[in-house]
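Novice: Pasting a structure below so you can have a look.
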Amino acid sequence: MLREAAALRKRPVTVRIARWSANRPWTAIGLWTLFVIVCIGAMAMGFKMASPTDIGQGESGRATQILDDKSMVPATVENILISAESGTFDRAAATQAATAVGDRMRGLAEVESVGNAVPAPDGASLLVPVTMAGEARTADQRVQPLRDVVDDLRDDFPALRIDQAGAASIQAGINDQLGADFVKAEVLSIPVTLIIMMVAFGAIIAAGVPVLLALTSVGAALGLWALCSQVLPDPGQVPNMILLMGMAVGVDYSLFYLKRARQEQARGASKLDAIEIAAATSGHSVVVSGIAVIVSMAALYLSNDLIFSSLATGSILVVAVAVAGSLTVLPALLAKLGRWIDKPRVPVLWRINGRNSEPRLWPALLRPVLRHPAITLILSVAALLVMAYPALDMRLKSADIDDYPRSIPALAAYDRVTDAFPAKGTSHEVVVTAGAGDASGVEAALSRLTNRAQASDLFAPEQDPQPRTSADGTVHVINLATPYPANTDEAERSVRLLRDELIPATVGQVAGARTDVGGEVAGSIDYSANVAQKLPWVVGLVLLLTFLVMVVSFRSVVVGLVALLVNLLSAAAAFGLLVAIFQNDWAEGLLGFQSNGAIVSWIPLFLFVVLFGLSMDYHVFVVSSIREAAQTGVCIRQAVSEGISRSAGIVTSAAIVMVSVFAIFATLSLIEFKQLGLGLALAVLLDALVIRGVVLPALMTLLGRGNWWPAKMPTGPSAPTVVPGGEERPAPAPA
């Protein structure tokens with residue numbers, strides 16, 4: 001009895017957890033179900049959304065914070081544009097419609113005031129400004145009654161086009177689109193993943209288990225994020241990211257574990273022994289790869305940026321939940337289902353993939369790679385570097401109003417409003433902080449600034465910005481409009497002209513005054529600058545943490561260095577392809593986007609971190625399989641062939657799942673999700689096929705015994721192999 005207890009304590013923690021779950025399946029399944037239900041219940045509180053003040057960086061962030069501190073955030077204004085539906089503009093009918101707009105809007109509790117109708121410079125439309133009541137940051141949640149009034153007016157005046165555009169209606173439209181995209185991704189990813197799993201396993205229940213684990217992981221992580229968002233607000237992308245990551249890693253981790261357990265049972269192991277072997281091998285790989293993803297994501301906290309911090313938190317939550325589910329409830333399900341895991345069988349697919357037969361394709365594909373490793377390595381690395389070359393020309397910009405799809409009605413209306421009234425489009429906030437006694441000097445300087453700005457073709461003509469002053473007289477703000485869309489070079493040049501020339505020559509002459517330029521364009525410039533500044537530090541930390549995880553896991557410095565090298569190659573190639581696709585216009589029709597000549601600012605850094613984390617899934621699993629083969633005493637060439645051949649089917653299935661889920665995100669409406677989804681899909685495809693199938697085997701073959709330095713790989717009969725029960729037996733003699 002004491003000997004058995006001692007043997008149990010010597011087993012890896014993954015084996016001990018698996019044995020406990022397998023021996024108490026209903027308890028484990030019940031606890032997991034309760035955990036998921038409680039987490040999903042937490043979603044009732046909703047996600048706390050981030051405000052512009054939370055997200056801002058640099059000078060523009062400081063301008064936003066000053067206005068917020070002084071309660072000077074302007075009230076939300078919805079612009080109602082009345083123009084001709086077709087043909088000639090009927091001014092009398094438009095005036096009647098404008099009166100109806102005022103009468104009906106004033107009766108709403110959500111409306112503070114309605115301004116007078118303003119004719120467009122070309123006389124072809126009227127604009128009625130409607131000021132909303134309440135806080136600006138929650139206006140999108142209260143704008144629907146205004147939209148309903150406009151819908152009714154369209155029915156009453158069929159000869160006129162009545163459009164509504166403003167910060168609230170645009171944000172509400174974007175939120176609606178995000179919600180629709182989330183549902184689309186969820187609806188598409190589940191059946192696609194299930195089909196891939198059926199092809200991989202040849203049995204319906206075996207296919208459904210990984211999908212079920214992934215879905216419960218996503219649900220639990222969303223509930224946990226609802227709690228976390230009360231402290232760390234959601235910038236809008238986190239739920240989609242949790243779905244993206246959860247379906248990918250949740251299926252992967254379950255797939256690794258389930259495949260190994262089925263293989264061991266096919267070789268004659270008992271149900272419990274097969275679960276323990278899977279826990280000792282695939283379970284260990286799941287833990288290592290999960291830790292690698294988590295530590296990689298944790299590096300994003302170094303950026304001191306809300307978007308990265310919230311995305312990192314959401315990703316860490318879903319990965320941690322997926323790892324926990326694979327180690328706890330999955331063994332319980334395997335124990336309870338037993339042979340039923342392979343029922344009902346899909347006839348053709350079962351004959352192809354369900355019998356766990358020895359692989360034939362991959363040994364044949366690896367033969368030329370292992371026969372000529374040096375030439376293979378040089379050619380494959382050269383090809384990846386060619387793919388990476390466009391990344392040297394990467395340009396960063398924040399996604400702005402001009403990058404969102406015009407299928408959102410409020411954005412199509414916004415375009416028509418800005419065409420008729422250019423000053424209602426992109427504008428820059430000039431925020432001046434000075435002593436109360438300098439108020440008259442600041443106002444005179446702002447007047448000179450306005451005159452100088454209007455003398456430049458980078459600013460909208462005939463604008464008359466009205467200065468606003470804080471209650472204590474220390475903060476003054478004006479808005480200067482530019483006729484160019486926010487994502488254009490001209491709009492950026494107008495900000496730089498303000499900051500570098502116009503402000504120093506005017507407001508800069510007021511002693512003690514400090515000026516900050518904010519607004520959408522300035523925010524994009526400052527955010528991109530912050531990303532560029534923090535990028536080296538985050539990348540360096542990711543590389544260091546990844547290296548340490550690999551060295552500790554494999555007791556080999558060389559394995560750690562190889563992991564960094566191959567992951568850098570796949571990430572660089574993915575970045576190059578991303579730039580080639582999205583900074584040019586040749587793929588616009590194919591993917592349904594309009595290029596702005598740049599990559600969304602937060603994408604490269606987040607993509608790099610995610611890629612390094614997810615690459616560990618395959619790298620840990622493949623290298624573990626190679627080491628397992630090498631421990632039997634075979635030469636490194638044979639160990640590489642056996643290890644990759646044994647793991648190739650699982651890696652390929654996992655990669656297909658990831659690529660499919662990520663590719664679904666590339667079909668969504670928002671440009672940042674297109675870039676993120678396609679970038680991840682391309683990177684995983686390169687990683688699974690080129691890196692793990694060509695570069696890694698060639699490199700490990702060339703390194704030989706040096707792969708395991710400074711540790712020495714046990715070989716021959718002396719190499720112990722741990723078997724269920726905690727005992728050891730000699731490894732088989734070299735083949």
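By order in the structure tokens, chains are A, B, ...; within a chain, residues start at 1; ligands start at 1, following the order shown.
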Residues of range 568-644 of chain A classed as helix (DSSP H, G or I) by DSSP on the backbone are to be reported as a PyMOL selection string.

Specialist: chain A and resi 568-582+588-591+603-630+636-644

Novice: Report as a list in words all protein, DNA and RNA residues lying within 9 Å of Arg262 in chain A, evaluated on only C-alpha atoms, omitting residues in the same chain fewer than 6 positions from it.

Specialist: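 Using only C-alpha atoms, the neighbours found are Ala274, Ile275, Ala278, Ile341, Asp342 and Asn356 of chain A.
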
Novice: Please indicate the distance in Å from CA of Gly679 in chain A to CA of Ala572 in chain A, rounded to one decimal place.

Specialist: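 Pair CA of Gly679 in chain A / CA of Ala572 in chain A returns 10.7 Å.
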
Novice: Any idea what's packed within 12 Å of range 314-317 of chain A, counting only C-alpha atoms, ignoring anything in its chain fewer than 5 positions away? Could you give it as a compact mmCIF listing (two decimals) with C-alpha atoms, in the first residue's frame?

Specialist:
```txt
# COMPACT_ATOMS: atom_id res chain seq x y z
CA CYS A 39 -19.25 31.77 -15.32
CA PHE A 47 -19.22 43.98 -20.44
CA SER A 217 -14.22 27.05 -22.55
CA VAL A 218 -15.39 30.02 -24.62
CA GLY A 219 -18.58 30.38 -22.56
CA ALA A 220 -16.72 30.22 -19.24
CA ALA A 221 -14.06 32.66 -20.43
CA LEU A 222 -16.67 35.17 -21.62
CA GLY A 223 -18.27 35.08 -18.16
CA LEU A 224 -14.91 35.58 -16.47
CA TRP A 225 -14.16 38.46 -18.84
CA ALA A 226 -17.47 40.09 -17.90
CA LEU A 227 -16.14 40.19 -14.33
CA CYS A 228 -12.69 41.42 -15.34
CA SER A 229 -14.09 44.12 -17.63
CA LEU A 232 -10.29 46.58 -17.14
CA PRO A 233 -12.85 47.96 -19.63
CA ASP A 234 -13.48 46.25 -22.95
CA PRO A 235 -12.30 48.26 -25.99
CA GLY A 236 -14.71 46.26 -28.16
CA GLN A 237 -12.58 43.42 -29.56
CA VAL A 238 -12.24 41.08 -26.56
CA PRO A 239 -15.37 38.86 -26.93
CA ASN A 240 -14.50 38.19 -30.56
CA MET A 241 -10.92 37.43 -29.55
CA ILE A 242 -12.08 34.98 -26.87
CA LEU A 243 -14.18 33.15 -29.47
CA LEU A 244 -11.28 33.14 -31.94
CA MET A 245 -8.71 31.86 -29.46
CA GLY A 246 -11.07 29.58 -27.55
CA MET A 247 -12.25 27.59 -30.56
CA ALA A 248 -8.66 27.24 -31.80
CA VAL A 249 -6.82 26.20 -28.64
CA GLY A 250 -9.80 24.44 -27.05
CA GLY A 290 -0.68 26.66 -22.54
CA ILE A 291 1.96 28.21 -20.29
CA ALA A 292 3.83 29.41 -23.38
CA VAL A 293 0.69 31.14 -24.70
CA ILE A 294 -0.07 32.69 -21.32
CA VAL A 295 3.44 34.04 -20.70
CA SER A 296 3.56 35.38 -24.25
CA MET A 297 0.26 37.18 -23.79
CA ALA A 298 1.37 38.49 -20.40
CA ALA A 299 4.18 40.38 -22.16
CA LEU A 300 1.50 42.69 -23.59
CA TYR A 301 0.98 44.22 -20.15
CA ILE A 307 -6.38 47.55 -25.79
CA PHE A 308 -3.38 45.24 -25.41
CA SER A 309 -3.99 44.67 -21.71
CA ALA A 322 -9.12 25.36 -22.12
CA VAL A 323 -6.04 23.84 -20.45
CA ALA A 324 -8.01 23.15 -17.27
CA PHE A 606 -0.83 41.40 -30.87
CA VAL A 609 2.45 37.59 -29.41
CA VAL A 610 -0.42 35.29 -30.39
CA GLY A 613 2.08 31.46 -28.16
CA LEU A 614 0.10 29.33 -30.61
```

Novice: Per DSSP on the backbone, filter range 60-102 of chain A down to the residues in strand (DSSP E or B) and report them as a list in words.

Specialist: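 After running DSSP on the backbone, range 60-102 of chain A has strand (DSSP E or B) at Val77, Glu78, Asn79, Ile80, Leu81, Ile82, Ser83 and Ala84 of chain A.
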
Novice: Given only C-alpha atoms as the basis, pick out the residue of A:Leu306, A:Ala420, A:Leu327, A:Ala571 nearest to Ile55 in chain A.

Specialist: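 That would be A:Leu306, the residue with the smallest distance to Ile55 in chain A.
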
Novice: With distances taken over only C-alpha atoms, which residue among A:Leu379, A:Ser570, A:Ala98, A:Gly592 lies nearest Leu685 in chain A?

Specialist: A:Ser570

Novice: From the set A:Ile37, A:Val640, A:Val114, A:Ile664, which residue has the shortest atom-to-atom contact distance to Trp362 in chain A, counting only C-alpha atoms?

Specialist: A:Val640

Novice: Considering only C-alpha atoms, state which residue in the set A:Thr281, A:Ser60, A:Gln454, A:Thr652 is at the smallest distance from Ser624 in chain A.

Specialist: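 Once distances to Ser624 in chain A are computed over only C-alpha atoms, the minimum belongs to A:Thr281.
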
Novice: Hey, can you check how far CA of Leu543 in chain A sits from CA of Phe662 in chain A?

Specialist: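 We find that CA of Leu543 in chain A and CA of Phe662 in chain A lie 23.8 Å from each other.
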
Novice: Any idea what the distance is between CA of Asp585 in chain A and CA of Gly597 in chain A?

Specialist: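 Value for the CA of Asp585 in chain A-CA of Gly597 in chain A distance: 8.3 Å.
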
Novice: Might you pull out every residue within 9 Å of Leu377 in chain A, with only C-alpha atoms counted and same-chain residues fewer than 2 positions away left off, and present them as a count of residues only?

Specialist: 15
